[in-house]
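Down below is the structure, laid out as C-alpha cells.
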Amino acid sequence: MEQQKVDMFMMMNNKYLPESQILFIRERLLAADDSKEGLLHAIQFKDPIITLVLSLLTGQLGIDRFFIGDTGLGIGKLITCGGLGIWTIIDWFLIMNATREKNFERLLTIL
C-alpha cells in the first residue's frame, strides 16, 4: 500500500491497537497490496474505552469478555460471578489491553 494510505489508516486506528505492535503493523501495511485496502476499512475494531466502561458496570457478568470475543472467559466470569469479584477487579486493569490485542489479531487475519 502507499505510504499516505498507511499513515491515514494508522492515524485513524491507532487507539484501537497495541502500542508495542505499531511499527510491525506499519511494516505489514506497507508490504500489503492494494486489494486489501477495502477489507482494512471494513474492520470494526472494538473500542477499549467502551470495553472498560462495560467492565466497570457489568464485569461480574462477563459482558466485557463477551464484547471482545472471549466467549470462554465470559462464561467463566458469568458462572463464578466474576471470580467472586476478584477477577472483575483484575479485569479493570487488563481489559483495555486485551481489547487492543483482540483488535490486533483481527487485523492480522486480513494482512
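Just so we're on the same page: first chain in the C-alpha cells is A, next is B, and so on; residues restart at 1 for each chain, and ligands are numbered from 1 in the order they show up.
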- Message: Could you list, as number ranges by chain, every residue within 12 Å of segment 41-51 of chain A, counting only C-alpha atoms and ignoring same-chain residues fewer than 6 positions away?
- Response: A: 5-6, 8-10, 12-18, 34-35, 57-59, 62-69, 91-111
- Separation of atom CA of Trp87 of chain A from atom CA of Gln21 of chain A, in Å and rounded to one decimal: 26.5 Å
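The spacing separating atom CA of Leu40 of chain A from atom CA of Gly74 of chain A amounts to 27.4 Å.
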- Task: Determine the nearest neighbour of Lys36 of chain A from the options A:Ile86, A:Cys81, A:Met1, A:Thr71, counting only C-alpha atoms.
- Result: A:Met1
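Comparing the minimum interatomic distances between Glu37 of chain A and each of A:Glu19, A:Gly82, A:Asp70, A:Glu2, counting only C-alpha atoms, we find that A:Glu2 sits nearest.
We find atom CA of Asp33 of chain A and atom CA of Gln3 of chain A to be spaced 11.9 Å apart.
Shortest atom-to-atom contact with Leu56 of chain A among A:Ala31, A:Ile89, A:Ile22, A:Leu84: A:Ile89, counting only C-alpha atoms.
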- Enumerate the residues of chain A with a DSSP assignment of helix (DSSP H, G or I), computed from the backbone, and present them as a PyMOL selection string. chain A and resi 3-16+19-31+34-42+48-61+63-68+71-79+81-84+86-110
Can those selected residues be exported to a file as a compact mmCIF listing (two decimals), in the first residue's frame so that it contains C-alpha atoms?
```txt
# COMPACT_ATOMS: atom_id res chain seq x y z
CA GLN A 3 2.67 5.46 2.46
CA GLN A 4 -0.09 8.07 2.59
CA LYS A 5 -2.85 5.45 2.89
CA VAL A 6 -0.92 3.61 5.60
CA ASP A 7 -0.41 6.84 7.55
CA MET A 8 -4.11 7.64 7.29
CA PHE A 9 -5.11 4.16 8.48
CA MET A 10 -2.68 4.32 11.40
CA MET A 11 -3.85 7.79 12.40
CA MET A 12 -7.49 6.71 12.42
CA ASN A 13 -7.00 3.38 14.21
CA ASN A 14 -4.00 3.95 16.48
CA LYS A 15 -6.03 3.95 19.70
CA TYR A 16 -7.53 0.53 18.92
CA GLU A 19 1.40 0.41 21.23
CA SER A 20 4.06 -2.29 21.10
CA GLN A 21 2.87 -3.51 17.69
CA ILE A 22 2.54 -0.18 15.84
CA LEU A 23 5.82 -0.48 13.92
CA PHE A 24 5.08 -4.10 12.99
CA ILE A 25 1.61 -3.13 11.76
CA ARG A 26 3.02 -0.24 9.72
CA GLU A 27 5.56 -2.56 8.04
CA ARG A 28 2.89 -5.15 7.25
CA LEU A 29 0.58 -2.49 5.81
CA LEU A 30 3.34 -1.09 3.60
CA ALA A 31 4.07 -4.60 2.31
CA ASP A 34 -3.85 -2.50 -2.62
CA SER A 35 -6.51 -5.21 -2.87
CA LYS A 36 -6.61 -5.41 0.95
CA GLU A 37 -7.47 -1.75 1.38
CA GLY A 38 -11.22 -2.30 1.21
CA LEU A 39 -11.01 -5.10 3.77
CA LEU A 40 -8.95 -2.94 6.11
CA HIS A 41 -11.54 -0.19 6.10
CA ALA A 42 -14.31 -2.71 6.73
CA PRO A 48 -11.04 -0.12 24.59
CA ILE A 49 -12.81 2.72 26.44
CA ILE A 50 -16.23 1.18 25.85
CA THR A 51 -14.88 -2.18 26.99
CA LEU A 52 -13.57 -0.59 30.19
CA VAL A 53 -16.96 1.01 30.87
CA LEU A 54 -18.65 -2.35 30.28
CA SER A 55 -16.16 -3.95 32.65
CA LEU A 56 -16.82 -1.37 35.34
CA LEU A 57 -20.59 -1.69 35.06
CA THR A 58 -21.17 -5.35 34.22
CA GLY A 59 -17.79 -7.05 34.67
CA GLN A 60 -19.09 -9.58 37.18
CA LEU A 61 -21.38 -10.95 34.46
CA ILE A 63 -20.23 -8.99 29.37
CA ASP A 64 -16.91 -7.23 28.79
CA ARG A 65 -15.31 -10.52 27.73
CA PHE A 66 -18.27 -11.44 25.52
CA PHE A 67 -17.99 -8.00 23.89
CA ILE A 68 -14.38 -8.51 22.79
CA THR A 71 -16.62 -16.30 24.95
CA GLY A 72 -14.94 -18.89 27.16
CA LEU A 73 -13.69 -16.31 29.64
CA GLY A 74 -17.07 -14.60 29.55
CA ILE A 75 -18.81 -17.83 30.51
CA GLY A 76 -16.25 -18.38 33.25
CA LYS A 77 -16.85 -14.93 34.69
CA LEU A 78 -20.61 -15.39 34.43
CA ILE A 79 -20.60 -18.71 36.25
CA CYS A 81 -19.77 -14.05 39.35
CA GLY A 82 -16.53 -12.51 38.22
CA GLY A 83 -14.39 -14.87 40.27
CA LEU A 84 -16.23 -13.68 43.39
CA ILE A 86 -11.58 -10.66 42.30
CA TRP A 87 -11.46 -11.43 38.58
CA THR A 88 -13.67 -8.41 37.92
CA ILE A 89 -11.28 -6.05 39.71
CA ILE A 90 -8.26 -7.52 37.92
CA ASP A 91 -10.03 -7.09 34.58
CA TRP A 92 -10.48 -3.37 35.26
CA PHE A 93 -6.74 -3.07 34.76
CA LEU A 94 -6.30 -5.63 31.97
CA ILE A 95 -9.39 -5.33 29.75
CA MET A 96 -8.19 -2.38 27.66
CA ASN A 97 -5.00 -4.21 26.63
CA ALA A 98 -7.00 -7.38 25.99
CA THR A 99 -9.27 -5.39 23.67
CA ARG A 100 -6.30 -3.97 21.77
CA GLU A 101 -4.79 -7.45 21.42
CA LYS A 102 -8.07 -8.83 20.04
CA ASN A 103 -8.17 -5.94 17.55
CA PHE A 104 -4.58 -6.74 16.56
CA GLU A 105 -5.49 -10.39 15.96
CA ARG A 106 -8.47 -9.30 13.84
CA LEU A 107 -6.16 -7.07 11.78
CA LEU A 108 -3.62 -9.86 11.28
CA THR A 109 -6.29 -12.14 9.81
CA ILE A 110 -6.69 -9.59 7.00
```
